[in-house]
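Colleague: Coordinates in run-v7.pdb, PDB, C-alpha atoms and all ligand atoms, are listed below.
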```
ATOM      1  CA  MET A 191     153.113 -10.513 160.719
ATOM      2  CA  ILE A 192     155.096 -13.399 159.270
ATOM      3  CA  SER A 193     157.898 -14.566 161.517
ATOM      4  CA  ARG A 194     161.446 -14.914 160.312
ATOM      5  CA  ARG A 195     161.315 -18.600 161.284
ATOM      6  CA  ARG A 196     158.288 -19.176 159.057
ATOM      7  CA  VAL A 197     159.967 -17.395 156.127
ATOM      8  CA  LEU A 198     163.068 -19.580 156.540
ATOM      9  CA  LYS A 199     160.923 -22.725 156.698
ATOM     10  CA  GLY A 200     159.116 -21.677 153.553
ATOM     11  CA  ALA A 201     162.377 -21.048 151.729
ATOM     12  CA  LEU A 202     163.765 -24.429 152.813
ATOM     13  CA  LEU A 203     160.571 -26.155 151.757
ATOM     14  CA  ALA A 204     160.604 -24.489 148.332
ATOM     15  CA  ILE A 205     164.210 -25.567 147.763
ATOM     16  CA  LEU A 206     163.591 -29.153 148.902
ATOM     17  CA  ILE A 207     160.423 -29.581 146.901
ATOM     18  CA  GLY A 208     161.896 -28.002 143.791
ATOM     19  CA  HIS A 209     164.988 -30.164 143.968
ATOM     20  CA  ARG A 210     163.469 -33.448 145.076
ATOM     21  CA  VAL A 211     160.288 -33.429 143.051
ATOM     22  CA  VAL A 212     162.406 -33.087 139.934
ATOM     23  CA  ARG A 213     164.701 -35.861 141.177
ATOM     24  CA  GLY A 214     161.818 -37.830 142.696
ATOM     25  CA  PRO A 215     161.896 -41.149 140.861
ATOM     26  CA  ARG A 216     165.686 -41.171 140.776
ATOM     27  CA  ALA A 217     165.953 -40.281 144.441
ATOM     28  CA  LEU A 218     163.699 -43.173 145.386
ATOM     29  CA  ALA A 219     165.466 -45.534 143.022
ATOM     30  CA  ALA A 220     168.867 -44.533 144.359
ATOM     31  CA  SER A 221     167.818 -45.361 147.879
ATOM     32  CA  SER A 222     166.144 -48.638 146.966
ATOM     33  CA  GLY A 223     169.337 -50.679 147.252
ATOM     34  CA  ALA A 224     170.078 -49.881 150.871
ATOM     35  CA  PRO A 225     167.776 -50.605 153.768
ATOM     36  CA  ARG A 226     165.772 -47.516 154.605
ATOM     37  CA  LYS A 227     165.215 -46.371 158.147
ATOM     38  CA  PRO A 228     162.166 -44.662 159.590
ATOM     39  CA  LEU A 229     162.463 -40.885 159.515
ATOM     40  CA  ASP A 230     163.129 -39.486 162.973
ATOM     41  CA  GLU A 231     160.995 -36.476 163.909
ATOM     42  CA  HIS A 232     164.174 -34.985 165.376
ATOM     43  CA  ASP A 233     166.064 -35.140 162.063
ATOM     44  CA  ALA A 234     167.016 -31.546 161.160
ATOM     45  CA  THR A 235     165.122 -31.510 157.861
ATOM     46  CA  ALA A 236     162.144 -33.288 159.414
ATOM     47  CA  GLN A 237     162.024 -30.671 162.155
ATOM     48  CA  ALA A 238     162.275 -27.815 159.660
ATOM     49  CA  LEU A 239     159.315 -29.222 157.749
ATOM     50  CA  GLY A 240     157.331 -30.054 160.870
ATOM     51  CA  TYR A 241     157.241 -33.801 160.180
ATOM     52  CA  ARG A 242     155.108 -35.780 162.607
ATOM     53  CA  GLN A 243     154.651 -39.555 162.576
ATOM     54  CA  ASP A 244     151.015 -38.994 163.449
ATOM     55  CA  ALA A 245     149.251 -36.172 161.599
ATOM     56  CA  ARG A 246     146.856 -35.795 164.515
ATOM     57  CA  SER A 247     149.723 -34.373 166.563
ATOM     58  CA  VAL A 248     150.376 -31.464 164.165
ATOM     59  CA  ASP A 249     150.025 -28.116 165.891
ATOM     60  CA  PRO A 250     147.721 -26.071 163.612
ATOM     61  CA  GLN A 251     148.968 -22.872 165.229
ATOM     62  CA  GLU A 252     152.502 -23.664 164.084
ATOM     63  CA  PHE A 253     151.461 -25.165 160.727
ATOM     64  CA  PRO A 254     148.266 -23.396 159.619
ATOM     65  CA  THR A 255     148.392 -25.073 156.188
ATOM     66  CA  TRP A 256     147.556 -28.440 157.757
ATOM     67  CA  ARG A 257     143.983 -29.547 157.183
ATOM     68  CA  ARG A 258     142.060 -32.474 158.611
ATOM     69  CA  GLY A 259     142.442 -35.423 156.248
ATOM     70  CA  GLN A 260     145.949 -34.470 155.166
ATOM     71  CA  SER A 261     148.486 -37.197 155.876
ATOM     72  CA  CYS A 262     151.378 -38.831 154.112
ATOM     73  CA  SER A 263     148.962 -41.452 152.742
ATOM     74  CA  THR A 264     147.144 -38.715 150.788
ATOM     75  CA  CYS A 265     150.295 -36.865 149.689
ATOM     76  CA  ALA A 266     151.586 -36.900 146.133
ATOM     77  CA  LEU A 267     155.164 -37.385 147.319
ATOM     78  CA  ILE A 268     154.803 -40.744 149.089
ATOM     79  CA  GLU A 269     155.492 -44.041 147.349
ATOM     80  CA  VAL A 270     152.427 -45.724 145.962
ATOM     81  CA  GLY A 271     151.359 -48.695 148.049
ATOM     82  CA  THR A 272     149.623 -49.714 151.203
ATOM     83  CA  ALA A 273     152.536 -50.212 153.595
ATOM     84  CA  ARG A 274     152.424 -48.332 156.885
ATOM     85  CA  MET A 275     155.976 -47.022 156.275
ATOM     86  CA  ARG A 276     156.907 -45.835 152.774
ATOM     87  CA  GLY A 277     159.463 -43.755 150.932
ATOM     88  CA  CYS A 278     158.960 -40.038 150.291
ATOM     89  CA  THR A 279     160.725 -37.963 147.659
ATOM     90  CA  LEU A 280     161.473 -35.260 150.242
ATOM     91  CA  PHE A 281     163.367 -37.688 152.461
ATOM     92  CA  PRO A 282     165.465 -40.018 150.281
ATOM     93  CA  GLY A 283     166.704 -43.122 152.055
ATOM     94  CA  LYS A 284     164.073 -42.820 154.774
ATOM     95  CA  LEU A 285     160.616 -44.190 155.391
ATOM     96  CA  VAL A 286     157.769 -41.977 156.510
ATOM     97  CA  SER A 287     154.632 -43.050 158.318
ATOM     98  CA  ALA A 288     151.524 -43.194 156.128
ATOM     99  CA  ALA A 289     149.716 -41.616 159.083
ATOM    100  CA  GLY A 290     152.271 -38.800 159.282
ATOM    101  CA  TRP A 291     152.442 -35.318 157.825
ATOM    102  CA  CYS A 292     154.905 -32.526 157.029
ATOM    103  CA  SER A 293     154.558 -29.038 155.607
ATOM    104  CA  GLY A 294     155.693 -30.348 152.215
ATOM    105  CA  TRP A 295     152.340 -32.121 151.797
ATOM    106  CA  GLN A 296     151.003 -31.865 148.241
ATOM    107  CA  GLN A 297     147.601 -32.877 146.965
ATOM    108  CA  ARG A 298     147.815 -36.103 145.001
ATOM    109  CA  GLY A 299     146.751 -35.531 141.431
ATOM    110  CA  ALA A 300     147.095 -31.724 141.647
ATOM    111  CA  LYS A 301     148.374 -30.009 138.532
ATOM    112  CA  PRO A 302     151.802 -28.385 138.968
TER     113      PRO A 302
HETATM  114 FE1  LIG B   1     156.563 -36.798 152.508
HETATM  115 FE2  LIG B   1     154.180 -35.786 151.922
HETATM  116 FE3  LIG B   1     154.519 -37.110 154.209
HETATM  117 FE4  LIG B   1     155.631 -34.727 153.886
HETATM  118  S1  LIG B   1     153.409 -35.161 153.916
HETATM  119  S2  LIG B   1     156.618 -36.554 154.739
HETATM  120  S3  LIG B   1     156.122 -34.729 151.713
HETATM  121  S4  LIG B   1     154.684 -37.969 152.126
END
```
Could you show the structure in this file as structure tokens?
Modeller:
Amino acid sequence: MISRRRVLKGALLAILIGHRVVRGPRALAASSGAPRKPLDEHDATAQALGYRQDARSVDPQEFPTWRRGQSCSTCALIEVGTARMRGCTLFPGKLVSAAGWCSGWQQRGAKP
């Protein structure tokens, strides 16, 4: 049985991804002028999406979509580059850890 909490998380994720993927380049550009801060795992949106700074700490019971090898560095929504902390279209104005993960992870290069 799917819990109410999981349904709400899924709905929030769908809204965020739909809105921010469309705005993606603009969202990153808009935040490029101000210094960006690392995303706090305790941020409300980060918590809702299960963001962890280290993907190895993801609880697979809570987030069964997580798979070994998934991390921000392999996600389509992170800024291209090699920096340890980079922008993500789901969290404008913030930096996420390349070693991190959230339930918004999307395969890089996947067709929409
Ligand atoms: Fe952003 Fe993807 Fe990392 Fe989630 S997994 S924080 S969507 S880069």
Colleague: Taking only C-alpha atoms and all ligand atoms and a cut-off of 9 Å, can you tell me which residues surround ligand LIG 1 (chain B), written as a PyMOL selection string?
Modeller: chain A and resi 207+229+236+239-243+245+260-269+276-281+285-297
Colleague: Could you tell me how far CA of Ala300 (chain A) sits from CA of Thr272 (chain A), in Å to one decimal place?
Modeller: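 Taking CA of Thr272 (chain A) as the start and CA of Ala300 (chain A) as the end point, the length is 20.5 Å.
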Colleague: One decimal, Å: what's the distance from CA of Thr255 (chain A) over to CA of Gly283 (chain A), could you say?
Modeller: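 Computing the Euclidean distance for CA of Thr255 (chain A) and CA of Gly283 (chain A) yields 26.0 Å.
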Colleague: Quick one: pull the distance between CA of Glu231 (chain A) and CA of Arg258 (chain A), Å, one decimal.
Modeller: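 CA of Glu231 (chain A) sits 20.1 Å away from CA of Arg258 (chain A).
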Colleague: Please output region 227-238 of chain A, rebuilt to include all heavy atoms, as a PDB file, in the coordinates of the input.
Modeller:
```
ATOM      1  N   LYS A 227     165.585 -46.466 156.737  1.00  0.00           N
ATOM      2  CA  LYS A 227     165.215 -46.371 158.147  1.00  0.00           C
ATOM      3  C   LYS A 227     164.058 -45.395 158.305  1.00  0.00           C
ATOM      4  O   LYS A 227     163.938 -44.445 157.535  1.00  0.00           O
ATOM      5  CB  LYS A 227     166.400 -45.876 158.970  1.00  0.00           C
ATOM      6  CG  LYS A 227     167.560 -46.839 158.971  1.00  0.00           C
ATOM      7  CD  LYS A 227     168.680 -46.338 159.835  1.00  0.00           C
ATOM      8  CE  LYS A 227     169.803 -47.357 159.860  1.00  0.00           C
ATOM      9  NZ  LYS A 227     170.965 -46.903 160.593  1.00  0.00           N
ATOM     10  N   PRO A 228     163.257 -45.612 159.332  1.00  0.00           N
ATOM     11  CA  PRO A 228     162.166 -44.662 159.590  1.00  0.00           C
ATOM     12  C   PRO A 228     162.714 -43.260 159.846  1.00  0.00           C
ATOM     13  O   PRO A 228     163.759 -43.107 160.496  1.00  0.00           O
ATOM     14  CB  PRO A 228     161.493 -45.222 160.842  1.00  0.00           C
ATOM     15  CG  PRO A 228     161.833 -46.670 160.844  1.00  0.00           C
ATOM     16  CD  PRO A 228     163.213 -46.760 160.232  1.00  0.00           C
ATOM     17  N   LEU A 229     162.069 -42.272 159.309  1.00  0.00           N
ATOM     18  CA  LEU A 229     162.463 -40.885 159.515  1.00  0.00           C
ATOM     19  C   LEU A 229     162.207 -40.491 160.970  1.00  0.00           C
ATOM     20  O   LEU A 229     161.100 -40.678 161.484  1.00  0.00           O
ATOM     21  CB  LEU A 229     161.668 -39.980 158.570  1.00  0.00           C
ATOM     22  CG  LEU A 229     161.910 -38.477 158.707  1.00  0.00           C
ATOM     23  CD1 LEU A 229     163.364 -38.125 158.359  1.00  0.00           C
ATOM     24  CD2 LEU A 229     160.952 -37.707 157.806  1.00  0.00           C
ATOM     25  N   ASP A 230     163.229 -39.946 161.590  1.00  0.00           N
ATOM     26  CA  ASP A 230     163.129 -39.486 162.973  1.00  0.00           C
ATOM     27  C   ASP A 230     162.559 -38.065 162.974  1.00  0.00           C
ATOM     28  O   ASP A 230     163.030 -37.200 162.223  1.00  0.00           O
ATOM     29  CB  ASP A 230     164.532 -39.494 163.591  1.00  0.00           C
ATOM     30  CG  ASP A 230     164.518 -39.174 165.078  1.00  0.00           C
ATOM     31  OD1 ASP A 230     163.581 -38.506 165.552  1.00  0.00           O
ATOM     32  OD2 ASP A 230     165.467 -39.598 165.754  1.00  0.00           O
ATOM     33  N   GLU A 231     161.574 -37.829 163.804  1.00  0.00           N
ATOM     34  CA  GLU A 231     160.995 -36.476 163.909  1.00  0.00           C
ATOM     35  C   GLU A 231     162.039 -35.445 164.313  1.00  0.00           C
ATOM     36  O   GLU A 231     161.861 -34.260 164.095  1.00  0.00           O
ATOM     37  CB  GLU A 231     159.853 -36.463 164.933  1.00  0.00           C
ATOM     38  CG  GLU A 231     158.618 -37.194 164.482  1.00  0.00           C
ATOM     39  CD  GLU A 231     157.490 -37.111 165.503  1.00  0.00           C
ATOM     40  OE1 GLU A 231     157.690 -36.576 166.614  1.00  0.00           O
ATOM     41  OE2 GLU A 231     156.386 -37.585 165.192  1.00  0.00           O
ATOM     42  N   HIS A 232     163.134 -35.904 164.919  1.00  0.00           N
ATOM     43  CA  HIS A 232     164.174 -34.985 165.376  1.00  0.00           C
ATOM     44  C   HIS A 232     165.257 -34.739 164.331  1.00  0.00           C
ATOM     45  O   HIS A 232     166.172 -33.954 164.570  1.00  0.00           O
ATOM     46  CB  HIS A 232     164.795 -35.506 166.676  1.00  0.00           C
ATOM     47  CG  HIS A 232     163.782 -35.586 167.781  1.00  0.00           C
ATOM     48  ND1 HIS A 232     163.161 -36.775 168.119  1.00  0.00           N
ATOM     49  CD2 HIS A 232     163.243 -34.635 168.574  1.00  0.00           C
ATOM     50  CE1 HIS A 232     162.302 -36.547 169.097  1.00  0.00           C
ATOM     51  NE2 HIS A 232     162.313 -35.259 169.388  1.00  0.00           N
ATOM     52  N   ASP A 233     165.173 -35.414 163.181  1.00  0.00           N
ATOM     53  CA  ASP A 233     166.064 -35.140 162.063  1.00  0.00           C
ATOM     54  C   ASP A 233     165.926 -33.654 161.712  1.00  0.00           C
ATOM     55  O   ASP A 233     164.821 -33.112 161.757  1.00  0.00           O
ATOM     56  CB  ASP A 233     165.630 -36.030 160.887  1.00  0.00           C
ATOM     57  CG  ASP A 233     166.320 -35.704 159.587  1.00  0.00           C
ATOM     58  OD1 ASP A 233     165.894 -34.727 158.930  1.00  0.00           O
ATOM     59  OD2 ASP A 233     167.263 -36.424 159.240  1.00  0.00           O
ATOM     60  N   ALA A 234     167.046 -32.997 161.381  1.00  0.00           N
ATOM     61  CA  ALA A 234     167.016 -31.546 161.160  1.00  0.00           C
ATOM     62  C   ALA A 234     166.027 -31.134 160.066  1.00  0.00           C
ATOM     63  O   ALA A 234     165.256 -30.185 160.234  1.00  0.00           O
ATOM     64  CB  ALA A 234     168.421 -31.041 160.823  1.00  0.00           C
ATOM     65  N   THR A 235     166.041 -31.857 158.951  1.00  0.00           N
ATOM     66  CA  THR A 235     165.122 -31.510 157.861  1.00  0.00           C
ATOM     67  C   THR A 235     163.678 -31.811 158.259  1.00  0.00           C
ATOM     68  O   THR A 235     162.767 -31.026 157.976  1.00  0.00           O
ATOM     69  CB  THR A 235     165.475 -32.282 156.575  1.00  0.00           C
ATOM     70  OG1 THR A 235     166.855 -32.042 156.264  1.00  0.00           O
ATOM     71  CG2 THR A 235     164.617 -31.840 155.410  1.00  0.00           C
ATOM     72  N   ALA A 236     163.495 -32.937 158.953  1.00  0.00           N
ATOM     73  CA  ALA A 236     162.144 -33.288 159.414  1.00  0.00           C
ATOM     74  C   ALA A 236     161.607 -32.204 160.348  1.00  0.00           C
ATOM     75  O   ALA A 236     160.447 -31.805 160.247  1.00  0.00           O
ATOM     76  CB  ALA A 236     162.177 -34.644 160.123  1.00  0.00           C
ATOM     77  N   GLN A 237     162.453 -31.723 161.228  1.00  0.00           N
ATOM     78  CA  GLN A 237     162.024 -30.671 162.155  1.00  0.00           C
ATOM     79  C   GLN A 237     161.674 -29.398 161.393  1.00  0.00           C
ATOM     80  O   GLN A 237     160.679 -28.740 161.686  1.00  0.00           O
ATOM     81  CB  GLN A 237     163.124 -30.371 163.165  1.00  0.00           C
ATOM     82  CG  GLN A 237     163.147 -31.338 164.318  1.00  0.00           C
ATOM     83  CD  GLN A 237     164.059 -30.875 165.426  1.00  0.00           C
ATOM     84  OE1 GLN A 237     165.115 -30.307 165.171  1.00  0.00           O
ATOM     85  NE2 GLN A 237     163.664 -31.112 166.656  1.00  0.00           N
ATOM     86  N   ALA A 238     162.515 -29.049 160.421  1.00  0.00           N
ATOM     87  CA  ALA A 238     162.275 -27.815 159.660  1.00  0.00           C
ATOM     88  C   ALA A 238     160.945 -27.864 158.926  1.00  0.00           C
ATOM     89  O   ALA A 238     160.284 -26.841 158.755  1.00  0.00           O
ATOM     90  CB  ALA A 238     163.419 -27.579 158.678  1.00  0.00           C
TER      91      ALA A 238
END
```
